[in-house]
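Structure file protein23.tsv with TSV, N, CA and C atoms and all ligand atoms:
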```
chain	number	residue	atom	x	y	z
A	1	MET	N	0.85	-1.20	0.00
A	1	MET	CA	0.00	0.00	0.00
A	1	MET	C	0.88	1.25	0.00
A	2	ALA	N	0.57	2.15	-0.87
A	2	ALA	CA	1.37	3.38	-0.96
A	2	ALA	C	1.02	4.33	0.18
A	3	SER	N	1.95	5.21	0.46
A	3	SER	CA	1.68	6.26	1.43
A	3	SER	C	2.44	7.51	1.02
A	4	PHE	N	2.09	8.63	1.62
A	4	PHE	CA	2.70	9.90	1.23
A	4	PHE	C	4.11	10.06	1.80
A	5	SER	N	4.95	10.72	1.04
A	5	SER	CA	6.26	11.14	1.53
A	5	SER	C	6.06	12.24	2.57
A	6	ASP	N	7.11	12.53	3.33
A	6	ASP	CA	7.02	13.62	4.31
A	6	ASP	C	6.65	14.93	3.64
A	7	ARG	N	7.24	15.17	2.47
A	7	ARG	CA	6.97	16.42	1.76
A	7	ARG	C	5.51	16.50	1.33
A	8	SER	N	4.99	15.39	0.77
A	8	SER	CA	3.59	15.37	0.37
A	8	SER	C	2.69	15.61	1.58
A	9	GLN	N	3.02	14.97	2.68
A	9	GLN	CA	2.21	15.10	3.88
A	9	GLN	C	2.21	16.55	4.39
A	10	ALA	N	3.38	17.18	4.35
A	10	ALA	CA	3.48	18.58	4.78
A	10	ALA	C	2.66	19.48	3.86
A	11	ASN	N	2.71	19.22	2.56
A	11	ASN	CA	1.91	20.03	1.63
A	11	ASN	C	0.42	19.82	1.86
A	12	LEU	N	0.02	18.57	2.04
A	12	LEU	CA	-1.40	18.27	2.24
A	12	LEU	C	-1.92	18.87	3.54
A	13	ALA	N	-1.05	18.98	4.53
A	13	ALA	CA	-1.46	19.53	5.84
A	13	ALA	C	-1.85	21.00	5.75
A	14	THR	N	-1.49	21.69	4.67
A	14	THR	CA	-1.86	23.10	4.50
A	14	THR	C	-3.26	23.23	3.89
A	15	CYS	N	-3.91	22.10	3.62
A	15	CYS	CA	-5.17	22.11	2.86
A	15	CYS	C	-6.39	21.86	3.75
A	16	ASP	N	-7.54	22.25	3.20
A	16	ASP	CA	-8.85	21.97	3.77
A	16	ASP	C	-8.92	20.51	4.23
A	17	GLU	N	-9.52	20.29	5.39
A	17	GLU	CA	-9.58	18.93	5.95
A	17	GLU	C	-10.26	17.94	5.01
A	18	ARG	N	-11.20	18.42	4.21
A	18	ARG	CA	-11.86	17.50	3.27
A	18	ARG	C	-10.88	17.01	2.20
A	19	LEU	N	-10.02	17.92	1.75
A	19	LEU	CA	-8.99	17.52	0.77
A	19	LEU	C	-8.04	16.51	1.40
A	20	GLN	N	-7.70	16.74	2.66
A	20	GLN	CA	-6.81	15.79	3.34
A	20	GLN	C	-7.45	14.41	3.40
A	21	GLU	N	-8.73	14.40	3.73
A	21	GLU	CA	-9.43	13.12	3.87
A	21	GLU	C	-9.51	12.39	2.51
A	22	ILE	N	-9.84	13.14	1.47
A	22	ILE	CA	-9.94	12.55	0.13
A	22	ILE	C	-8.61	11.90	-0.28
A	23	PHE	N	-7.52	12.69	-0.16
A	23	PHE	CA	-6.26	12.17	-0.71
A	23	PHE	C	-5.61	11.14	0.20
A	24	GLU	N	-5.93	11.17	1.50
A	24	GLU	CA	-5.44	10.09	2.36
A	24	GLU	C	-6.07	8.76	1.94
A	25	GLN	N	-7.31	8.82	1.46
A	25	GLN	CA	-7.93	7.58	0.94
A	25	GLN	C	-7.35	7.21	-0.43
A	26	VAL	N	-7.21	8.22	-1.29
A	26	VAL	CA	-6.73	7.97	-2.65
A	26	VAL	C	-5.36	7.27	-2.62
A	27	VAL	N	-4.44	7.79	-1.82
A	27	VAL	CA	-3.05	7.29	-1.86
A	27	VAL	C	-2.96	5.82	-1.43
A	28	GLN	N	-3.96	5.36	-0.69
A	28	GLN	CA	-3.93	3.95	-0.28
A	28	GLN	C	-4.09	3.00	-1.46
A	29	HIS	N	-4.67	3.52	-2.55
A	29	HIS	CA	-4.96	2.66	-3.71
A	29	HIS	C	-4.25	3.12	-4.98
A	30	PHE	N	-3.91	4.40	-5.05
A	30	PHE	CA	-3.33	4.96	-6.27
A	30	PHE	C	-2.21	5.90	-5.81
A	31	ASP	N	-0.96	5.46	-5.98
A	31	ASP	CA	0.16	6.23	-5.46
A	31	ASP	C	0.21	7.60	-6.14
A	32	CYS	N	0.46	8.62	-5.34
A	32	CYS	CA	0.44	9.98	-5.87
A	32	CYS	C	1.30	10.89	-5.00
A	33	THR	N	1.60	12.06	-5.50
A	33	THR	CA	2.44	13.01	-4.79
A	33	THR	C	1.74	14.37	-4.73
A	34	VAL	N	1.76	14.97	-3.54
A	34	VAL	CA	1.12	16.28	-3.35
A	34	VAL	C	2.15	17.36	-3.68
A	35	LEU	N	1.97	18.00	-4.82
A	35	LEU	CA	2.95	18.98	-5.31
A	35	LEU	C	2.85	20.28	-4.53
A	36	GLU	N	1.61	20.70	-4.25
A	36	GLU	CA	1.45	22.00	-3.59
A	36	GLU	C	0.06	22.15	-2.99
A	37	GLY	N	0.02	22.79	-1.83
A	37	GLY	CA	-1.25	23.14	-1.21
A	37	GLY	C	-1.35	24.66	-1.17
A	38	HIS	N	-1.15	25.21	0.02
A	38	HIS	CA	-1.22	26.66	0.16
A	38	HIS	C	-0.08	27.35	-0.59
A	39	ARG	N	-0.41	28.49	-1.22
A	39	ARG	CA	0.60	29.32	-1.90
A	39	ARG	C	0.60	30.71	-1.31
A	40	ASP	N	1.77	31.21	-0.92
A	40	ASP	CA	1.84	32.59	-0.44
A	40	ASP	C	1.91	33.56	-1.63
A	41	GLU	N	1.94	34.83	-1.33
A	41	GLU	CA	1.85	35.85	-2.39
A	41	GLU	C	3.01	35.74	-3.38
A	42	ALA	N	4.21	35.58	-2.88
A	42	ALA	CA	5.38	35.50	-3.77
A	42	ALA	C	5.27	34.30	-4.71
A	43	ARG	N	4.83	33.18	-4.18
A	43	ARG	CA	4.70	31.97	-4.97
A	43	ARG	C	3.58	32.13	-6.01
A	44	GLN	N	2.46	32.76	-5.62
A	44	GLN	CA	1.37	32.96	-6.56
A	44	GLN	C	1.82	33.86	-7.71
A	45	ASN	N	2.58	34.92	-7.40
A	45	ASN	CA	3.11	35.81	-8.44
A	45	ASN	C	4.03	35.05	-9.39
A	46	GLN	N	4.81	34.15	-8.83
A	46	GLN	CA	5.71	33.34	-9.65
A	46	GLN	C	4.90	32.45	-10.61
A	47	MET	N	3.82	31.86	-10.11
A	47	MET	CA	2.98	31.01	-10.96
A	47	MET	C	2.38	31.80	-12.11
A	48	ILE	N	1.97	33.04	-11.84
A	48	ILE	CA	1.42	33.90	-12.88
A	48	ILE	C	2.48	34.17	-13.94
A	49	SER	N	3.69	34.53	-13.49
A	49	SER	CA	4.72	34.91	-14.45
A	49	SER	C	5.16	33.71	-15.29
A	50	GLU	N	4.98	32.51	-14.75
A	50	GLU	CA	5.32	31.30	-15.51
A	50	GLU	C	4.15	30.78	-16.35
A	51	GLY	N	3.00	31.46	-16.28
A	51	GLY	CA	1.84	31.05	-17.05
A	51	GLY	C	1.15	29.81	-16.50
A	52	LYS	N	1.45	29.44	-15.27
A	52	LYS	CA	0.88	28.23	-14.68
A	52	LYS	C	-0.39	28.50	-13.89
A	53	SER	N	-0.70	29.76	-13.65
A	53	SER	CA	-1.96	30.11	-13.00
A	53	SER	C	-2.51	31.33	-13.72
A	54	GLN	N	-3.83	31.46	-13.68
A	54	GLN	CA	-4.46	32.61	-14.33
A	54	GLN	C	-4.96	33.63	-13.32
A	55	LEU	N	-4.85	33.30	-12.05
A	55	LEU	CA	-5.42	34.16	-11.02
A	55	LEU	C	-4.33	34.82	-10.20
A	56	GLY	N	-4.44	36.14	-10.02
A	56	GLY	CA	-3.49	36.86	-9.19
A	56	GLY	C	-3.81	36.70	-7.72
A	57	TRP	N	-2.81	36.91	-6.88
A	57	TRP	CA	-3.00	36.92	-5.43
A	57	TRP	C	-4.05	37.94	-5.07
A	58	PRO	N	-5.01	37.70	-4.16
A	58	PRO	CA	-5.20	36.44	-3.41
A	58	PRO	C	-6.37	35.63	-3.94
A	59	ASN	N	-6.55	35.64	-5.26
A	59	ASN	CA	-7.77	35.08	-5.84
A	59	ASN	C	-7.73	33.59	-6.15
A	60	SER	N	-6.56	33.01	-6.10
A	60	SER	CA	-6.48	31.57	-6.34
A	60	SER	C	-6.99	30.82	-5.11
A	61	ASN	N	-7.60	29.68	-5.35
A	61	ASN	CA	-8.03	28.85	-4.23
A	61	ASN	C	-6.85	28.26	-3.47
A	62	HIS	N	-5.64	28.42	-4.02
A	62	HIS	CA	-4.43	28.01	-3.29
A	62	HIS	C	-4.01	29.08	-2.27
A	63	ASN	N	-4.63	30.25	-2.32
A	63	ASN	CA	-4.17	31.36	-1.47
A	63	ASN	C	-4.87	31.44	-0.12
A	64	THR	N	-5.90	30.63	0.06
A	64	THR	CA	-6.61	30.65	1.34
A	64	THR	C	-5.86	29.79	2.38
A	65	SER	N	-6.13	30.05	3.65
A	65	SER	CA	-5.55	29.22	4.72
A	65	SER	C	-6.66	28.70	5.61
A	66	PRO	N	-6.92	27.40	5.67
A	66	PRO	CA	-6.23	26.38	4.87
A	66	PRO	C	-6.57	26.49	3.39
A	67	SER	N	-5.74	25.91	2.56
A	67	SER	CA	-5.93	26.00	1.12
A	67	SER	C	-7.16	25.22	0.66
A	68	SER	N	-7.98	25.85	-0.19
A	68	SER	CA	-9.15	25.16	-0.76
A	68	SER	C	-8.77	24.35	-1.99
A	69	ALA	N	-7.50	24.48	-2.41
A	69	ALA	CA	-7.06	23.77	-3.61
A	69	ALA	C	-5.77	23.02	-3.32
A	70	VAL	N	-5.58	21.96	-4.08
A	70	VAL	CA	-4.35	21.17	-3.94
A	70	VAL	C	-3.95	20.66	-5.33
A	71	ASP	N	-2.64	20.58	-5.55
A	71	ASP	CA	-2.13	20.02	-6.81
A	71	ASP	C	-1.52	18.66	-6.49
A	72	VAL	N	-2.07	17.64	-7.11
A	72	VAL	CA	-1.63	16.27	-6.85
A	72	VAL	C	-1.43	15.55	-8.18
A	73	ALA	N	-0.32	14.82	-8.29
A	73	ALA	CA	-0.02	14.08	-9.51
A	73	ALA	C	0.15	12.60	-9.20
A	74	PRO	N	-0.29	11.75	-10.14
A	74	PRO	CA	-0.02	10.32	-9.97
A	74	PRO	C	1.49	10.09	-9.96
A	75	TYR	N	1.93	9.13	-9.15
A	75	TYR	CA	3.36	8.87	-8.96
A	75	TYR	C	3.74	7.54	-9.59
A	76	PRO	N	4.89	7.42	-10.24
A	76	PRO	CA	5.85	8.48	-10.52
A	76	PRO	C	5.31	9.48	-11.54
A	77	VAL	N	5.71	10.73	-11.41
A	77	VAL	CA	5.15	11.79	-12.26
A	77	VAL	C	5.74	11.71	-13.67
A	78	ASP	N	4.86	11.64	-14.65
A	78	ASP	CA	5.27	11.67	-16.06
A	78	ASP	C	4.37	12.68	-16.76
A	79	TRP	N	4.90	13.89	-16.94
A	79	TRP	CA	4.08	14.98	-17.46
A	79	TRP	C	3.60	14.73	-18.88
A	80	SER	N	4.27	13.81	-19.58
A	80	SER	CA	3.87	13.56	-20.97
A	80	SER	C	2.72	12.55	-21.06
A	81	ASN	N	2.40	11.92	-19.94
A	81	ASN	CA	1.36	10.88	-19.95
A	81	ASN	C	0.01	11.47	-19.52
A	82	ARG	N	-0.61	12.16	-20.45
A	82	ARG	CA	-1.88	12.83	-20.18
A	82	ARG	C	-2.97	11.85	-19.75
A	83	ASP	N	-2.97	10.69	-20.37
A	83	ASP	CA	-4.00	9.69	-20.05
A	83	ASP	C	-3.99	9.33	-18.56
A	84	ARG	N	-2.79	9.26	-18.01
A	84	ARG	CA	-2.70	8.83	-16.61
A	84	ARG	C	-3.28	9.89	-15.68
A	85	PHE	N	-3.12	11.16	-16.04
A	85	PHE	CA	-3.73	12.23	-15.23
A	85	PHE	C	-5.26	12.12	-15.27
A	86	HIS	N	-5.76	11.76	-16.43
A	86	HIS	CA	-7.21	11.61	-16.56
A	86	HIS	C	-7.71	10.42	-15.74
A	87	LEU	N	-6.97	9.30	-15.82
A	87	LEU	CA	-7.33	8.13	-15.03
A	87	LEU	C	-7.32	8.47	-13.54
A	88	PHE	N	-6.27	9.16	-13.13
A	88	PHE	CA	-6.13	9.54	-11.72
A	88	PHE	C	-7.30	10.43	-11.28
A	89	SER	N	-7.63	11.39	-12.11
A	89	SER	CA	-8.72	12.30	-11.77
A	89	SER	C	-10.03	11.56	-11.57
A	90	GLY	N	-10.30	10.60	-12.45
A	90	GLY	CA	-11.54	9.83	-12.31
A	90	GLY	C	-11.58	9.12	-10.97
A	91	TYR	N	-10.44	8.61	-10.58
A	91	TYR	CA	-10.35	7.92	-9.30
A	91	TYR	C	-10.60	8.88	-8.13
A	92	VAL	N	-9.94	10.04	-8.21
A	92	VAL	CA	-10.08	11.04	-7.14
A	92	VAL	C	-11.53	11.52	-7.05
A	93	MET	N	-12.14	11.81	-8.19
A	93	MET	CA	-13.50	12.34	-8.18
A	93	MET	C	-14.48	11.31	-7.61
A	94	GLY	N	-14.23	10.03	-7.89
A	94	GLY	CA	-15.08	8.97	-7.34
A	94	GLY	C	-14.99	8.90	-5.81
A	95	ILE	N	-13.76	9.01	-5.32
A	95	ILE	CA	-13.57	8.99	-3.85
A	95	ILE	C	-14.26	10.20	-3.22
A	96	ALA	N	-14.07	11.38	-3.83
A	96	ALA	CA	-14.68	12.61	-3.29
A	96	ALA	C	-16.20	12.46	-3.24
A	97	GLN	N	-16.76	11.92	-4.31
A	97	GLN	CA	-18.21	11.77	-4.35
A	97	GLN	C	-18.68	10.79	-3.28
A	98	SER	N	-17.92	9.73	-3.09
A	98	SER	CA	-18.33	8.74	-2.08
A	98	SER	C	-18.30	9.34	-0.68
A	99	LEU	N	-17.43	10.34	-0.47
A	99	LEU	CA	-17.36	11.01	0.83
A	99	LEU	C	-18.37	12.16	0.93
A	100	GLY	N	-19.00	12.52	-0.21
A	100	GLY	CA	-19.98	13.59	-0.21
A	100	GLY	C	-19.37	14.98	-0.28
A	101	TYR	N	-18.12	15.08	-0.79
A	101	TYR	CA	-17.45	16.37	-0.87
A	101	TYR	C	-17.46	16.91	-2.30
A	102	PRO	N	-17.83	18.20	-2.45
A	102	PRO	CA	-17.90	18.81	-3.78
A	102	PRO	C	-16.50	19.16	-4.28
A	103	LEU	N	-15.99	18.40	-5.21
A	103	LEU	CA	-14.63	18.61	-5.70
A	103	LEU	C	-14.66	18.99	-7.18
A	104	ARG	N	-13.81	19.93	-7.54
A	104	ARG	CA	-13.71	20.34	-8.94
A	104	ARG	C	-12.29	20.06	-9.42
A	105	TRP	N	-12.16	19.61	-10.67
A	105	TRP	CA	-10.86	19.24	-11.23
A	105	TRP	C	-10.49	20.22	-12.36
A	106	GLY	N	-9.19	20.56	-12.42
A	106	GLY	CA	-8.70	21.52	-13.42
A	106	GLY	C	-8.69	21.01	-14.86
A	107	GLY	N	-9.10	19.76	-15.06
A	107	GLY	CA	-9.26	19.25	-16.43
A	107	GLY	C	-10.71	19.32	-16.88
A	108	ASP	N	-11.58	19.80	-15.98
A	108	ASP	CA	-13.03	19.86	-16.26
A	108	ASP	C	-13.64	20.93	-15.35
A	109	TRP	N	-13.24	22.18	-15.58
A	109	TRP	CA	-13.64	23.27	-14.68
A	109	TRP	C	-15.15	23.41	-14.54
A	110	ASP	N	-15.86	23.20	-15.66
A	110	ASP	CA	-17.31	23.40	-15.58
A	110	ASP	C	-18.04	22.14	-15.08
A	111	ALA	N	-17.25	21.10	-14.75
A	111	ALA	CA	-17.80	19.90	-14.13
A	111	ALA	C	-18.97	19.29	-14.90
A	112	ASP	N	-18.85	19.31	-16.24
A	112	ASP	CA	-19.91	18.71	-17.05
A	112	ASP	C	-19.52	17.30	-17.51
A	113	THR	N	-18.42	16.77	-16.99
A	113	THR	CA	-17.83	15.48	-17.33
A	113	THR	C	-17.29	15.41	-18.76
A	114	GLU	N	-17.25	16.55	-19.46
A	114	GLU	CA	-16.58	16.61	-20.77
A	114	GLU	C	-15.21	17.24	-20.56
A	115	THR	N	-14.18	16.70	-21.20
A	115	THR	CA	-12.86	17.29	-21.03
A	115	THR	C	-12.41	18.05	-22.28
A	116	ASN	N	-13.08	17.83	-23.41
A	116	ASN	CA	-12.62	18.49	-24.64
A	116	ASN	C	-13.13	19.92	-24.77
A	117	ASP	N	-13.92	20.39	-23.80
A	117	ASP	CA	-14.39	21.79	-23.81
A	117	ASP	C	-13.64	22.60	-22.74
A	118	ASN	N	-12.53	22.04	-22.22
A	118	ASN	CA	-11.82	22.71	-21.13
A	118	ASN	C	-10.79	23.67	-21.72
A	119	ARG	N	-10.89	24.96	-21.40
A	119	ARG	CA	-10.04	25.94	-22.05
A	119	ARG	C	-8.65	26.07	-21.43
A	120	PHE	N	-8.56	25.86	-20.12
A	120	PHE	CA	-7.26	25.98	-19.45
A	120	PHE	C	-7.05	24.71	-18.64
A	121	ASP	N	-6.22	23.82	-19.18
A	121	ASP	CA	-6.00	22.54	-18.49
A	121	ASP	C	-5.02	22.68	-17.34
A	122	ASP	N	-5.43	22.27	-16.18
A	122	ASP	CA	-4.56	22.22	-15.01
A	122	ASP	C	-4.82	20.85	-14.38
A	123	LEU	N	-4.18	19.84	-14.96
A	123	LEU	CA	-4.57	18.45	-14.72
A	123	LEU	C	-4.20	17.93	-13.33
A	124	VAL	N	-3.40	18.68	-12.60
A	124	VAL	CA	-3.05	18.25	-11.23
A	124	VAL	C	-3.88	18.97	-10.17
A	125	HIS	N	-4.74	19.89	-10.61
A	125	HIS	CA	-5.45	20.78	-9.68
A	125	HIS	C	-6.82	20.23	-9.27
A	126	PHE	N	-7.02	20.18	-7.97
A	126	PHE	CA	-8.33	19.78	-7.42
A	126	PHE	C	-8.72	20.81	-6.37
A	127	GLU	N	-9.98	21.22	-6.36
A	127	GLU	CA	-10.40	22.20	-5.36
A	127	GLU	C	-11.79	21.89	-4.84
A	128	ILE	N	-11.98	22.23	-3.57
A	128	ILE	CA	-13.31	22.14	-2.97
A	128	ILE	C	-14.14	23.23	-3.63
A	129	SER	N	-15.32	22.86	-4.17
A	129	SER	CA	-16.00	23.79	-5.07
A	129	SER	C	-17.10	24.60	-4.43
A	130	GLU	N	-17.08	24.79	-3.10
A	130	GLU	CA	-18.03	25.72	-2.53
A	130	GLU	C	-17.38	26.46	-1.37
B	201	ZN	ZN	-3.68	24.14	-8.40
```
Please go through the file and, once you have read it, give me the structure as structure tokens.
Ligand SMILES: [Zn+2]
Amino acid sequence: MASFSDRSQANLATCDERLQEIFEQVVQHFDCTVLEGHRDEARQNQMISEGKSQLGWPNSNHNTSPSSAVDVAPYPVDWSNRDRFHLFSGYVMGIAQSLGYPLRWGGDWDADTETNDNRFDDLVHFEISE
């Protein structure tokens, strides 16, 4: 059974308790790494300048404390394997639904279960949607 690294655990600890609960269940069955939870102002500005976020401080869901958003990737991380991110997301969304938590994924912002209408793909991003 997989478990989180110390770094993943520290990142997840900055997040909403529901996100913690979801991903603690997910990692037991699908190994993954928590890339980032809460982002401070300097980090958010860096994400904007790198084109990795569209929202300025403090408007990202990563900017709240605890963070309403988390970036998680299936492990080992292979950025070229888009299919695996989609498979992982389906797994995460199923777990979230079973727990009754409203989760939104960056590969399907409008949550219509279609991925080909998504204008800004952020395939590692999951956020509590209320
Ligand atoms: Zn994110």
d(CA of Ala69 (chain A), CA of Arg104 (chain A)) in Å: 9.2 Å
Every residue of region 1-124 of chain A that DSSP places in alpha helix (DSSP H), as a VMD selection string: chain A and resid 6 to 12 17 to 29 41 to 49 82 to 99
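Among the candidate residues A:Glu50, A:Glu41, A:Asp78, A:Asp16, the one lying nearest to Ile128 (chain A) is A:Asp16, with distances computed using all atoms listed in the file.
If one restricts the calculation to all atoms listed in the file, the set of residues situated within 7 Å of ligand ZN 201 (chain B) consists of Glu36, His62, Ala69, Val70, Asp71, Val72, Asp122, Val124, His125 and Phe126 of chain A.
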Protein and nucleic acid residues near (-5.6, 11.0, -3.2) (cut-off 8 Å, only N, CA and C atoms) as number ranges by chain: A: 19-33, 72, 91-92
